[in-house]
>>> print(open('run17.txt').read())   # compact mmCIF, C-alpha atoms and all ligand atoms
# COMPACT_ATOMS: atom_id res chain seq x y z
CA MET A 12 0.00 0.00 0.00
CA PRO A 13 1.54 3.36 -0.93
CA GLU A 14 1.93 6.06 1.67
CA PHE A 15 0.91 9.66 0.97
CA ILE A 16 2.98 12.78 1.50
CA SER A 17 2.03 16.46 1.36
CA LEU A 18 4.14 19.58 1.65
CA THR A 19 3.98 21.87 4.68
CA PHE A 20 2.89 25.48 4.27
CA PRO A 21 3.45 27.98 7.10
CA ASN A 22 0.70 30.38 6.02
CA ALA A 23 -2.10 30.90 3.48
CA SER A 24 0.23 32.20 0.75
CA THR A 25 0.15 30.00 -2.38
CA GLU A 26 1.79 30.10 -5.78
CA ILE A 27 -1.49 31.22 -7.36
CA ASN A 28 -2.36 33.68 -4.60
CA PRO A 29 0.93 34.86 -3.13
CA ILE A 30 0.89 37.00 0.00
CA PRO A 31 4.17 38.98 -0.21
CA ASN A 32 6.32 38.78 2.93
CA ALA A 33 3.75 36.68 4.80
CA SER A 34 5.06 35.49 8.16
CA ILE A 35 4.14 32.26 9.90
CA ASP A 36 0.45 31.95 10.64
CA PRO A 37 0.38 29.49 13.56
CA GLU A 38 -3.38 28.93 13.23
CA TYR A 39 -3.06 28.09 9.55
CA LEU A 40 -0.06 25.82 10.09
CA ALA A 41 -1.96 23.84 12.74
CA ARG A 42 -5.16 23.69 10.67
CA TYR A 43 -3.30 22.48 7.60
CA ALA A 44 -1.43 19.82 9.60
CA ARG A 45 -4.58 18.60 11.35
CA ASN A 46 -6.34 18.27 8.02
CA LEU A 47 -3.51 16.11 6.70
CA ASP A 48 -3.76 13.96 9.83
CA ASP A 49 -7.56 13.68 9.64
CA TYR A 50 -7.64 12.90 5.92
CA GLY A 51 -5.15 10.07 6.20
CA TYR A 52 -1.90 11.49 4.83
CA ASN A 53 1.08 9.64 6.24
CA TYR A 54 3.73 12.38 6.02
CA THR A 55 4.32 16.06 5.44
CA LEU A 56 7.61 17.33 4.01
CA VAL A 57 8.97 20.39 5.78
CA PRO A 58 11.11 21.89 3.00
CA TYR A 59 14.40 23.78 3.22
CA ASP A 60 15.43 26.95 1.45
CA SER A 61 18.27 29.32 2.35
CA SER A 62 15.82 32.18 2.78
CA SER A 63 13.04 30.36 4.57
CA TYR A 64 11.89 29.04 7.96
CA ASP A 65 13.63 26.57 10.25
CA PRO A 66 12.20 23.09 9.49
CA PHE A 67 12.92 21.77 13.00
CA THR A 68 10.70 24.24 14.84
CA ILE A 69 8.00 24.00 12.14
CA GLY A 70 8.22 20.21 12.38
CA ALA A 71 7.94 20.27 16.19
CA THR A 72 4.87 22.48 15.96
CA ILE A 73 3.20 20.12 13.49
CA LEU A 74 3.99 17.07 15.59
CA SER A 75 2.51 18.73 18.68
CA VAL A 76 -0.90 19.22 17.00
CA THR A 77 -1.18 15.88 15.16
CA LYS A 78 -1.49 12.25 16.24
CA LYS A 79 -0.28 10.02 13.40
CA LEU A 80 1.19 12.31 10.75
CA LYS A 81 4.96 11.99 10.39
CA VAL A 82 7.21 14.91 9.46
CA ILE A 83 9.96 14.70 6.86
CA ILE A 84 12.56 17.27 7.85
CA ALA A 85 14.50 18.57 4.82
CA LEU A 86 18.14 19.05 5.75
CA ARG A 87 21.18 20.34 3.89
CA PRO A 88 24.37 18.95 5.46
CA ASN A 89 26.16 22.31 5.16
CA THR A 90 23.71 23.91 7.57
CA LEU A 91 24.24 21.76 10.67
CA TYR A 92 27.15 19.79 12.12
CA PRO A 93 26.21 16.07 11.88
CA THR A 94 26.41 15.33 15.61
CA VAL A 95 24.07 18.26 16.26
CA ALA A 96 21.69 17.03 13.55
CA ALA A 97 21.70 13.49 14.99
CA LYS A 98 20.61 14.83 18.39
CA ALA A 99 18.11 17.36 17.00
CA LEU A 100 16.36 14.70 14.90
CA ALA A 101 16.39 12.17 17.74
CA THR A 102 15.01 14.79 20.15
CA LEU A 103 12.12 15.48 17.78
CA ASP A 104 11.61 11.75 17.31
CA GLN A 105 11.34 11.17 21.05
CA LEU A 106 8.97 14.11 21.47
CA SER A 107 6.67 12.60 18.80
CA SER A 108 7.02 8.90 19.69
CA GLY A 109 8.87 8.08 16.49
CA ARG A 110 7.24 10.27 13.82
CA VAL A 111 10.36 11.73 12.19
CA VAL A 112 12.01 11.13 8.81
CA VAL A 113 14.94 13.14 7.43
CA HIS A 114 15.21 14.14 3.75
CA PHE A 115 18.72 15.07 2.66
CA ILE A 116 19.49 17.69 0.07
CA ALA A 117 23.06 17.57 -1.19
CA GLY A 118 22.40 20.93 -2.86
CA GLY A 119 21.57 21.34 -6.53
CA SER A 120 22.64 24.95 -7.07
CA ASP A 121 26.10 26.43 -6.41
CA ALA A 122 24.63 29.92 -5.95
CA GLU A 123 22.06 28.70 -3.43
CA GLN A 124 24.72 26.79 -1.47
CA ALA A 125 27.05 29.81 -1.46
CA LYS A 126 24.37 31.87 0.28
CA GLU A 127 25.05 29.84 3.41
CA GLY A 128 28.81 29.54 3.06
CA ASP A 129 29.04 26.25 1.16
CA PHE A 130 31.61 26.36 -1.65
CA LEU A 131 32.15 22.66 -2.28
CA SER A 132 31.66 21.29 -5.80
CA LYS A 133 28.54 19.23 -6.39
CA ASP A 134 30.48 15.95 -6.37
CA GLU A 135 32.05 16.93 -3.07
CA ARG A 136 28.64 17.83 -1.67
CA TYR A 137 27.46 14.31 -2.41
CA GLY A 138 30.68 12.93 -0.85
CA ARG A 139 29.98 14.95 2.27
CA LEU A 140 26.37 13.72 2.31
CA GLU A 141 27.60 10.14 2.24
CA ASP A 142 29.75 10.81 5.31
CA TYR A 143 26.95 12.67 7.02
CA ILE A 144 24.47 9.82 6.71
CA LYS A 145 27.03 7.36 8.09
CA ILE A 146 27.78 9.62 11.06
CA LEU A 147 24.09 10.06 11.90
CA ARG A 148 23.45 6.33 11.80
CA ARG A 149 26.45 5.63 13.97
CA ALA A 150 25.36 8.29 16.46
CA TRP A 151 21.85 6.86 16.60
CA LYS A 152 23.00 3.41 17.58
CA SER A 153 26.50 3.58 19.06
CA ASP A 154 26.70 2.87 22.79
CA GLU A 155 30.32 3.85 22.88
CA PRO A 156 31.97 7.23 22.27
CA PHE A 157 33.47 7.28 18.77
CA ASP A 158 35.94 9.25 16.66
CA TRP A 159 35.53 10.32 13.04
CA ASP A 160 38.31 11.26 10.67
CA SER A 161 37.35 11.81 7.03
CA LYS A 162 37.81 14.48 4.37
CA TYR A 163 34.74 16.38 5.56
CA TYR A 164 34.45 15.71 9.30
CA GLN A 165 36.86 15.13 12.14
CA PHE A 166 35.84 14.76 15.75
CA LYS A 167 36.91 12.78 18.80
CA GLN A 168 34.98 10.80 21.40
CA PHE A 169 31.49 11.94 20.45
CA SER A 170 29.04 10.31 22.81
CA ASN A 171 25.31 10.50 22.19
CA ARG A 172 22.61 9.90 24.80
CA VAL A 173 19.68 10.91 22.55
CA ARG A 174 18.42 7.84 20.69
CA PRO A 175 15.50 7.77 18.26
CA THR A 176 12.38 5.99 19.52
CA ASN A 177 12.32 3.00 17.16
CA GLY A 178 15.88 2.56 15.95
CA PRO A 179 17.56 4.71 13.29
CA ILE A 180 15.41 7.47 11.80
CA PRO A 181 14.50 6.74 8.14
CA VAL A 182 16.80 8.58 5.74
CA SER A 183 15.56 9.93 2.41
CA VAL A 184 17.70 11.27 -0.45
CA GLY A 185 16.37 13.23 -3.47
CA GLY A 186 17.89 14.02 -6.85
CA SER A 187 18.37 12.73 -10.36
CA SER A 188 22.12 12.99 -10.98
CA ASP A 189 24.52 10.02 -11.11
CA GLU A 190 25.83 11.01 -7.69
CA ALA A 191 22.31 11.18 -6.24
CA TYR A 192 21.60 7.66 -7.53
CA ARG A 193 24.90 6.40 -6.11
CA VAL A 194 24.59 7.92 -2.62
CA GLY A 195 20.83 7.38 -2.34
CA GLY A 196 20.97 3.90 -3.87
CA SER A 197 23.70 2.76 -1.52
CA LEU A 198 22.53 4.45 1.70
CA ALA A 199 18.96 5.78 1.66
CA ASP A 200 15.85 4.14 3.09
CA ILE A 201 13.74 6.30 0.76
CA PHE A 202 14.66 7.84 -2.62
CA GLY A 203 12.71 10.93 -3.73
CA LEU A 204 11.93 11.70 -7.38
CA TRP A 205 9.93 14.41 -9.13
CA GLY A 206 7.08 13.65 -11.52
CA GLU A 207 8.38 12.15 -14.76
CA PRO A 208 6.54 9.97 -17.29
CA LEU A 209 6.24 6.26 -16.50
CA LYS A 210 9.08 5.25 -18.83
CA GLU A 211 11.56 7.75 -17.41
CA THR A 212 10.46 7.02 -13.84
CA LYS A 213 11.06 3.33 -14.42
CA GLU A 214 14.54 4.12 -15.80
CA GLN A 215 15.32 6.12 -12.68
CA ILE A 216 14.03 3.37 -10.37
CA ASP A 217 16.21 0.84 -12.21
CA ARG A 218 19.25 3.09 -11.75
CA ILE A 219 18.58 3.46 -8.03
CA TYR A 220 18.08 -0.30 -7.58
CA ALA A 221 21.24 -1.01 -9.58
CA GLU A 222 23.24 1.27 -7.27
CA ALA A 223 21.70 -0.46 -4.25
CA ALA A 224 22.71 -3.86 -5.63
CA LYS A 225 26.22 -2.57 -6.39
CA ALA A 226 26.51 -1.51 -2.75
CA GLY A 227 25.62 -5.05 -1.70
CA ARG A 228 22.07 -4.36 -0.54
CA PRO A 229 19.67 -7.31 -1.01
CA ASP A 230 16.39 -6.72 -2.88
CA SER A 231 14.55 -6.74 0.47
CA ASP A 232 16.58 -3.68 1.55
CA ARG A 233 16.29 -1.45 -1.53
CA PRO A 234 15.30 2.21 -1.04
CA ARG A 235 11.55 2.81 -1.08
CA ILE A 236 10.62 5.00 -4.05
CA TRP A 237 8.90 8.37 -3.57
CA VAL A 238 7.33 10.19 -6.56
CA THR A 239 5.94 13.74 -6.54
CA PHE A 240 3.04 15.37 -8.42
CA ARG A 241 0.92 18.53 -8.37
CA PRO A 242 -2.59 17.25 -9.24
CA ILE A 243 -5.14 19.68 -10.67
CA VAL A 244 -8.40 17.92 -10.06
CA ALA A 245 -12.12 18.64 -10.50
CA GLU A 246 -15.45 16.83 -10.83
CA THR A 247 -15.10 16.32 -14.58
CA GLU A 248 -12.28 16.25 -17.14
CA GLU A 249 -13.54 19.52 -18.70
CA LEU A 250 -13.60 21.35 -15.39
CA ALA A 251 -10.15 20.04 -14.47
CA TRP A 252 -8.61 21.20 -17.76
CA ALA A 253 -10.25 24.61 -17.45
CA LYS A 254 -8.79 24.87 -13.94
CA ALA A 255 -5.37 23.76 -15.22
CA HIS A 256 -5.28 26.52 -17.83
CA ARG A 257 -6.43 29.10 -15.29
CA THR A 258 -3.66 27.95 -12.94
CA LEU A 259 -1.07 28.19 -15.71
CA ASP A 260 -2.19 31.72 -16.64
CA VAL A 261 -1.85 32.87 -13.04
CA LEU A 262 1.57 31.21 -12.60
CA THR A 263 2.81 32.90 -15.78
CA ALA A 264 1.42 36.31 -14.83
CA ASN A 265 2.81 36.10 -11.27
CA ARG A 266 6.25 35.17 -12.52
CA ALA A 267 6.25 38.14 -14.91
CA LEU A 268 5.44 40.36 -11.91
CA GLY A 269 8.37 38.90 -9.97
CA GLN A 270 6.05 37.02 -7.61
CA GLY A 271 6.80 33.54 -8.88
CA LYS A 272 9.06 30.91 -7.32
CA ALA A 273 11.63 31.67 -10.05
CA PRO A 274 12.42 35.25 -11.20
CA PRO A 275 11.37 36.16 -14.77
CA ASN A 276 14.96 35.97 -16.11
CA ALA A 277 16.07 32.94 -14.05
CA PRO A 278 19.06 31.08 -15.53
CA ALA A 279 18.75 27.42 -16.51
CA PRO A 280 18.68 25.28 -13.37
CA GLN A 281 21.89 23.48 -12.35
CA ASN A 282 20.28 20.45 -10.70
CA VAL A 283 19.75 17.48 -12.99
CA GLY A 284 16.22 16.80 -11.66
CA SER A 285 14.97 20.19 -12.95
CA GLN A 286 16.90 19.88 -16.22
CA ARG A 287 15.23 16.54 -16.88
CA LEU A 288 11.77 18.02 -16.26
CA LEU A 289 12.43 20.89 -18.68
CA ASP A 290 13.71 18.47 -21.36
CA ILE A 291 10.57 16.37 -21.03
CA ALA A 292 8.41 19.52 -21.13
CA ALA A 293 9.98 20.43 -24.48
CA ARG A 294 8.69 17.15 -25.95
CA GLY A 295 5.01 17.99 -25.51
CA GLU A 296 2.40 19.17 -23.05
CA VAL A 297 0.83 15.88 -21.98
CA GLN A 298 2.63 12.62 -21.24
CA ASP A 299 1.00 9.28 -20.48
CA ARG A 300 -2.53 9.42 -19.06
CA ALA A 301 -2.59 12.96 -17.64
CA LEU A 302 0.91 14.20 -16.79
CA TRP A 303 0.99 17.90 -17.72
CA TYR A 304 4.21 19.85 -18.21
CA PRO A 305 3.39 23.53 -18.95
CA THR A 306 3.51 24.24 -15.20
CA VAL A 307 7.12 22.99 -15.28
CA THR A 308 8.13 25.44 -18.00
CA ALA A 309 6.18 28.31 -16.43
CA THR A 310 8.11 27.94 -13.15
CA ASN A 311 11.54 27.04 -14.61
CA ALA A 312 11.11 23.62 -12.93
CA ARG A 313 11.75 25.22 -9.55
CA GLY A 314 10.90 22.36 -7.18
CA ALA A 315 8.26 19.74 -7.84
CA SER A 316 6.22 21.20 -10.67
CA THR A 317 4.73 18.43 -12.82
CA ALA A 318 0.95 18.48 -12.77
CA LEU A 319 -1.55 15.65 -13.20
CA VAL A 320 -4.78 16.95 -14.67
CA GLY A 321 -8.21 15.32 -14.69
CA SER A 322 -11.25 14.06 -12.84
CA HIS A 323 -10.80 12.35 -9.50
CA GLN A 324 -10.92 9.00 -11.28
CA THR A 325 -8.21 10.02 -13.78
CA ILE A 326 -5.92 11.14 -10.96
CA VAL A 327 -6.57 7.91 -9.04
CA GLU A 328 -5.75 5.81 -12.11
CA SER A 329 -2.65 7.88 -12.87
CA LEU A 330 -1.34 7.39 -9.33
CA LEU A 331 -2.08 3.67 -9.54
CA ASP A 332 0.08 3.54 -12.70
CA TYR A 333 3.00 4.69 -10.54
CA VAL A 334 2.16 2.26 -7.74
CA ASP A 335 2.23 -0.54 -10.32
CA LEU A 336 5.60 0.75 -11.48
CA GLY A 337 7.04 0.47 -7.96
CA ALA A 338 6.27 3.77 -6.19
CA ASP A 339 5.96 3.23 -2.43
CA LEU A 340 5.36 6.85 -1.44
CA ILE A 341 3.33 9.40 -3.37
CA SER A 342 3.65 13.09 -2.73
CA ILE A 343 0.70 15.19 -3.87
CA ARG A 344 0.09 18.87 -3.38
CA GLY A 345 -1.82 21.27 -5.53
CA TYR A 346 -1.76 24.99 -6.16
CA ASP A 347 -4.58 25.93 -3.77
CA ASN A 348 -2.76 24.27 -0.90
CA LEU A 349 -5.27 23.63 1.88
CA ASN A 350 -8.34 23.14 -0.32
CA ASP A 351 -6.47 20.80 -2.65
CA ALA A 352 -5.13 18.75 0.27
CA ILE A 353 -8.72 18.33 1.51
CA ASP A 354 -9.99 17.46 -1.99
CA TYR A 355 -7.35 14.75 -2.41
CA GLY A 356 -8.10 13.54 1.11
CA ARG A 357 -11.80 13.18 0.28
CA PHE A 358 -11.70 11.88 -3.28
CA VAL A 359 -8.25 10.53 -4.17
CA LEU A 360 -6.53 8.90 -1.19
CA PRO A 361 -9.49 6.69 -0.17
CA LYS A 362 -10.07 5.57 -3.75
CA VAL A 363 -6.43 4.62 -4.34
CA ARG A 364 -6.41 2.64 -1.09
CA GLU A 365 -9.81 1.04 -1.79
CA THR A 366 -8.76 -0.04 -5.30
CA LEU A 367 -5.56 -1.61 -4.01
CA GLN A 368 -7.46 -3.31 -1.20
CA GLU A 369 -9.84 -4.81 -3.76
CA ARG A 370 -6.89 -5.99 -5.80
CA GLY A 371 -5.41 -7.61 -2.69
CA ASN A 372 -2.86 -4.86 -2.02
CA GLY A 373 -0.69 -5.94 -4.90
CA ALA A 374 0.17 -4.58 -8.29
CA SER A 375 -2.29 -5.04 -11.15
CA ASN A 376 -0.33 -7.80 -12.81
C1 LIG B 401 11.14 14.82 -3.32
C2 LIG B 401 12.17 15.89 -3.34
C3 LIG B 401 12.16 16.91 -2.36
C4 LIG B 401 13.13 17.92 -2.37
N1 LIG B 401 13.09 18.90 -1.41
C5 LIG B 401 13.99 19.91 -1.45
C6 LIG B 401 13.97 20.98 -0.48
O1 LIG B 401 13.16 21.02 0.43
N2 LIG B 401 14.90 21.97 -0.61
C7 LIG B 401 15.85 21.98 -1.61
O2 LIG B 401 16.66 22.89 -1.66
N3 LIG B 401 15.89 20.98 -2.53
C8 LIG B 401 14.99 19.97 -2.48
N4 LIG B 401 15.04 18.97 -3.42
C9 LIG B 401 16.03 19.09 -4.51
C10 LIG B 401 17.20 18.14 -4.52
O3 LIG B 401 17.34 17.40 -3.36
C11 LIG B 401 18.49 18.85 -4.86
O4 LIG B 401 18.34 19.73 -5.87
C12 LIG B 401 19.60 17.83 -5.15
O5 LIG B 401 20.57 18.04 -4.18
C13 LIG B 401 20.37 17.94 -6.44
O6 LIG B 401 19.71 17.45 -7.47
P1 LIG B 401 20.35 16.56 -8.65
O7 LIG B 401 21.08 15.43 -8.03
O8 LIG B 401 19.09 16.16 -9.39
O9 LIG B 401 21.23 17.41 -9.50
C14 LIG B 401 14.10 17.93 -3.39
C15 LIG B 401 14.12 16.92 -4.35
C16 LIG B 401 13.18 15.91 -4.34
C17 LIG B 401 13.24 14.86 -5.40
>>> encode(input="run17.txt", output="structure tokens")
Amino acid sequence: MPEFISLTFPNASTEINPIPNASIDPEYLARYARNLDDYGYNYTLVPYDSSSYDPFTIGATILSVTKKLKVIIALRPNTLYPTVAAKALATLDQLSSGRVVVHFIAGGSDAEQAKEGDFLSKDERYGRLEDYIKILRRAWKSDEPFDWDSKYYQFKQFSNRVRPTNGPIPVSVGGSSDEAYRVGGSLADIFGLWGEPLKETKEQIDRIYAEAAKAGRPDSDRPRIWVTFRPIVAETEELAWAKAHRTLDVLTANRALGQGKAPPNAPAPQNVGSQRLLDIAARGEVQDRALWYPTVTATNARGASTALVGSHQTIVESLLDYVDLGADLISIRGYDNLNDAIDYGRFVLPKVRETLQERGNGASN
């Protein structure tokens, strides 16, 4: 059975209705999180950006107002010494009785990394990430003080008394470069991908599994696959497509006004994941059943940007295509954040689960 993920939003600002300089709205944050909990989402990703809020305090707030929902804390290794991160994550995990996952971002953009003092090359950033994951896992289970002496970290006799609730905290890695496949395939519990067509997604899954095998992991211990979409859904196909075009118009207009996620004259993205999305977008607007790419182009593929457009049933069937392909976790968020999360919770999540239950939890063939 796939698990569902949404993204956390600290206030009512959305990409289609931006509220410039909005600060955290604690009421909204709690309401959004409680809705995810009530409608059966399994996780919410608390994202990281050099200019944005601290994911640990946002995550703690969400965990304090929810019962089952887990938080996925996005973390860039350059921003926190690994022993500090190990304790911070384990602290949050204890406070929430084991509801914490960490999502690692090696860093896809040199300019973005430089904003917080990180001048390593991308390959080095992935090398550092590899070290970081190993240090965290050692800290989460080692009873004895230990030393570390590698290219990126050196310390002596670190001793940790803050253990996660249920063993090591699940580690997720996202990206689409060779280095992302290598580090995530060899070390991650979860591997995050953005929304690509079925064929390309399958190719990426095969690459990740091949790297896992190369690292000596048995098939039973391969990373779980996470795919990400931005569904635009309505009662009928016609209404959904009308809504999709309205959304695109607003995204385009907002970007021209400088209110988009990417500035109007943004350079081509450096991270491979975004480059791949833009290449696919250039091939045509719709891929497979309902995968829609104009939202990718309109936002310069800044973050997860591939839409799925259609009736509730079309979205359900599209998501089931990815489950059949091997997706274990499905991230869905729309453009009208809270209302879309509720819509999916009412009409999409239950139907996906019901269909799989009827099929006996397995794939279609
Ligand atoms: C599911 C998912 C979630 C991500 N969340 C973030 C995030 O919160 N902040 C961020 O800067 N990058 C995020 N990323 C981007 C990548 O982790 C990042 O760009 C990566 O280090 C480099 O990408 P590349 O290996 O494709 O070149 C996310 C990626 C995926 C697939």
>>> closest_residue(input="run17.txt", among="A:Lys126, A:Arg294, A:Lys133, A:Lys225", to="ligand LIG 401 (chain B)", atoms="only C-alpha atoms and all ligand atoms")
A:Lys133
>>> atom_distance(input="run17.txt", atom1="CA of Asn53 (chain A)", atom2="CA of Phe15 (chain A)")
5.3 Å
>>> closest_atom_pairs(input="run17.txt", of="chain A", to="ligand LIG 401 (chain B)", cutoff="7 Å", atoms="only C-alpha atoms and all ligand atoms", output="tab-separated table")
residue	atom	partner	partner_atom	distance
A:Val57	CA	B:LIG401	O1	6.8
A:Pro58	CA	B:LIG401	O1	3.4
A:Tyr59	CA	B:LIG401	O1	4.1
A:Asp60	CA	B:LIG401	O2	5.3
A:Ala85	CA	B:LIG401	O1	5.2
A:Phe115	CA	B:LIG401	O3	6.6
A:Ile116	CA	B:LIG401	O3	4.1
A:Ala117	CA	B:LIG401	O5	3.9
A:Gly118	CA	B:LIG401	O5	3.7
A:Gly119	CA	B:LIG401	C13	3.6
A:Ser120	CA	B:LIG401	O4	6.9
A:Val184	CA	B:LIG401	O3	6.8
A:Gly185	CA	B:LIG401	C17	4.0
A:Gly186	CA	B:LIG401	O8	3.5
A:Ser187	CA	B:LIG401	O8	3.6
A:Ser188	CA	B:LIG401	O7	4.0
A:Glu190	CA	B:LIG401	O7	6.5
A:Ala191	CA	B:LIG401	O7	4.8
A:Gly203	CA	B:LIG401	C1	4.2
A:Leu204	CA	B:LIG401	C17	4.0
A:Trp205	CA	B:LIG401	C17	5.0
A:Trp237	CA	B:LIG401	C1	6.8
A:Val238	CA	B:LIG401	C1	6.8
A:Thr239	CA	B:LIG401	C1	6.2
A:Gln281	CA	B:LIG401	O9	6.7
A:Asn282	CA	B:LIG401	O9	3.4
A:Val283	CA	B:LIG401	O9	3.8
A:Gly284	CA	B:LIG401	O8	3.7
A:Ser285	CA	B:LIG401	O8	6.8
A:Gly314	CA	B:LIG401	N4	6.5
>>> atom_distance(input="run17.txt", atom1="CA of Phe169 (chain A)", atom2="CA of Ala150 (chain A)")
8.2 Å
>>> closest_atom_pairs(input="run17.txt", of="region 36-84 of chain A", to="region 107-111 of chain A", cutoff="9 Å", atoms="only C-alpha atoms", output="tab-separated table")
residue	atom	partner	partner_atom	distance
A:Tyr54	CA	A:Arg110	CA	8.8
A:Gly70	CA	A:Val111	CA	8.7
A:Ala71	CA	A:Ser107	CA	8.2
A:Leu74	CA	A:Ser107	CA	6.1
A:Ser75	CA	A:Ser107	CA	7.4
A:Lys78	CA	A:Ser107	CA	8.6
A:Lys79	CA	A:Arg110	CA	7.5
A:Leu80	CA	A:Arg110	CA	7.1
A:Lys81	CA	A:Arg110	CA	4.5
A:Val82	CA	A:Val111	CA	5.2
A:Ile83	CA	A:Val111	CA	6.1
A:Ile84	CA	A:Val111	CA	7.4
>>> closest_residue(input="run17.txt", among="A:Ser63, A:Pro305, A:Ala97, A:His323", to="Ala33 (chain A)", atoms="all atoms listed in the file")
A:Ser63
>>> atom_distance(input="run17.txt", atom1="CA of Ala279 (chain A)", atom2="CA of Tyr304 (chain A)")
16.5 Å
>>> residues_around(input="run17.txt", residues="Glu207 (chain A)", least_positions_apart="5", cutoff="10 Å", atoms="only C-alpha atoms", output="PyMOL selection string")
chain A and resi 212-213+215+238-240+284+287-288+291-292+298-299+302-304+317-318
>>> residues_around(input="run17.txt", residues="Ile144 (chain A)", least_positions_apart="4", cutoff="9 Å", atoms="all atoms listed in the file", output="PDB file with C-alpha atoms, keeping the file's coordinate frame")
ATOM      1  CA  PRO A  93      26.210  16.070  11.880  1.00  0.00           C
ATOM      2  CA  PHE A 115      18.720  15.070   2.660  1.00  0.00           C
ATOM      3  CA  ARG A 139      29.980  14.950   2.270  1.00  0.00           C
ATOM      4  CA  LEU A 140      26.370  13.720   2.310  1.00  0.00           C
ATOM      5  CA  ARG A 148      23.450   6.330  11.800  1.00  0.00           C
ATOM      6  CA  ARG A 149      26.450   5.630  13.970  1.00  0.00           C
ATOM      7  CA  VAL A 182      16.800   8.580   5.740  1.00  0.00           C
ATOM      8  CA  LEU A 198      22.530   4.450   1.700  1.00  0.00           C
ATOM      9  CA  ALA A 199      18.960   5.780   1.660  1.00  0.00           C
TER      10      ALA A 199
END
>>> residues_around(input="run17.txt", residues="Lys98 (chain A)", least_positions_apart="5", cutoff="10 Å", atoms="all atoms listed in the file", output="list in words")
Pro93, Leu103, Asp104, Leu147, Ala150, Trp151, Asn171, Arg172, Val173, Arg174 and Pro175 of chain A
>>> residues_near_point(input="run17.txt", point="(27.6, -1.3, -5.1)", cutoff="12 Å", atoms="only C-alpha atoms", output="ChimeraX atom specification")
/A:192-198,218-229,233
>>> closest_residue(input="run17.txt", among="A:Asp36, A:Ala101, A:Asp49, A:Ile30", to="Ile69 (chain A)", atoms="only C-alpha atoms")
A:Asp36
>>> closest_residue(input="run17.txt", among="A:Glu127, A:Asp347, A:Glu141, A:Glu38", to="Leu262 (chain A)", atoms="only C-alpha atoms")
A:Asp347
>>> closest_residue(input="run17.txt", among="A:Tyr346, A:Tyr164, A:Tyr39, A:Phe358", to="Leu91 (chain A)", atoms="all atoms listed in the file")
A:Tyr164
>>> closest_residue(input="run17.txt", among="A:Val334, A:Pro280, A:Thr306, A:Val76", to="Ala122 (chain A)", atoms="all atoms listed in the file")
A:Pro280
>>> residues_around(input="run17.txt", residues="Ala267 (chain A)", least_positions_apart="5", cutoff="12 Å", atoms="only C-alpha atoms", output="ChimeraX atom specification")
/A:260-262,272-277,309-310
>>> residues_around(input="run17.txt", residues="Ile35 (chain A)", least_positions_apart="6", cutoff="12 Å", atoms="all atoms listed in the file", output="ChimeraX atom specification")
/A:19-24,41,63-65,68-69,72
>>> build_atoms(input="run17.txt", residues="region 102-113 of chain A", atoms="N, CA and C atoms", output="mmCIF file, in the frame of the given file")
data_model
loop_
_atom_site.group_PDB
_atom_site.id
_atom_site.type_symbol
_atom_site.label_atom_id
_atom_site.label_comp_id
_atom_site.auth_asym_id
_atom_site.auth_seq_id
_atom_site.Cartn_x
_atom_site.Cartn_y
_atom_site.Cartn_z
ATOM 1 N N THR A 102 15.822 14.068 19.160
ATOM 2 C CA THR A 102 15.010 14.790 20.150
ATOM 3 C C THR A 102 13.569 14.903 19.647
ATOM 4 N N LEU A 103 13.449 15.325 18.388
ATOM 5 C CA LEU A 103 12.120 15.480 17.780
ATOM 6 C C LEU A 103 11.414 14.123 17.705
ATOM 7 N N ASP A 104 12.174 13.102 17.426
ATOM 8 C CA ASP A 104 11.610 11.750 17.310
ATOM 9 C C ASP A 104 11.083 11.271 18.664
ATOM 10 N N GLN A 105 11.824 11.558 19.719
ATOM 11 C CA GLN A 105 11.340 11.170 21.050
ATOM 12 C C GLN A 105 10.099 11.966 21.437
ATOM 13 N N LEU A 106 10.118 13.265 21.132
ATOM 14 C CA LEU A 106 8.970 14.110 21.470
ATOM 15 C C LEU A 106 7.697 13.635 20.780
ATOM 16 N N SER A 107 7.842 12.996 19.603
ATOM 17 C CA SER A 107 6.670 12.600 18.800
ATOM 18 C C SER A 107 6.467 11.090 18.784
ATOM 19 N N SER A 108 7.110 10.367 19.657
ATOM 20 C CA SER A 108 7.020 8.900 19.690
ATOM 21 C C SER A 108 7.331 8.269 18.333
ATOM 22 N N GLY A 109 8.388 8.749 17.697
ATOM 23 C CA GLY A 109 8.870 8.080 16.490
ATOM 24 C C GLY A 109 8.212 8.523 15.195
ATOM 25 N N ARG A 110 7.914 9.814 15.050
ATOM 26 C CA ARG A 110 7.240 10.270 13.820
ATOM 27 C C ARG A 110 8.141 11.168 12.956
ATOM 28 N N VAL A 111 9.425 10.863 12.929
ATOM 29 C CA VAL A 111 10.360 11.730 12.190
ATOM 30 C C VAL A 111 11.099 10.954 11.100
ATOM 31 N N VAL A 112 11.212 11.605 9.931
ATOM 32 C CA VAL A 112 12.010 11.130 8.810
ATOM 33 C C VAL A 112 12.905 12.301 8.418
ATOM 34 N N VAL A 113 14.103 12.027 7.896
ATOM 35 C CA VAL A 113 14.940 13.140 7.430
ATOM 36 C C VAL A 113 15.161 13.005 5.922
#
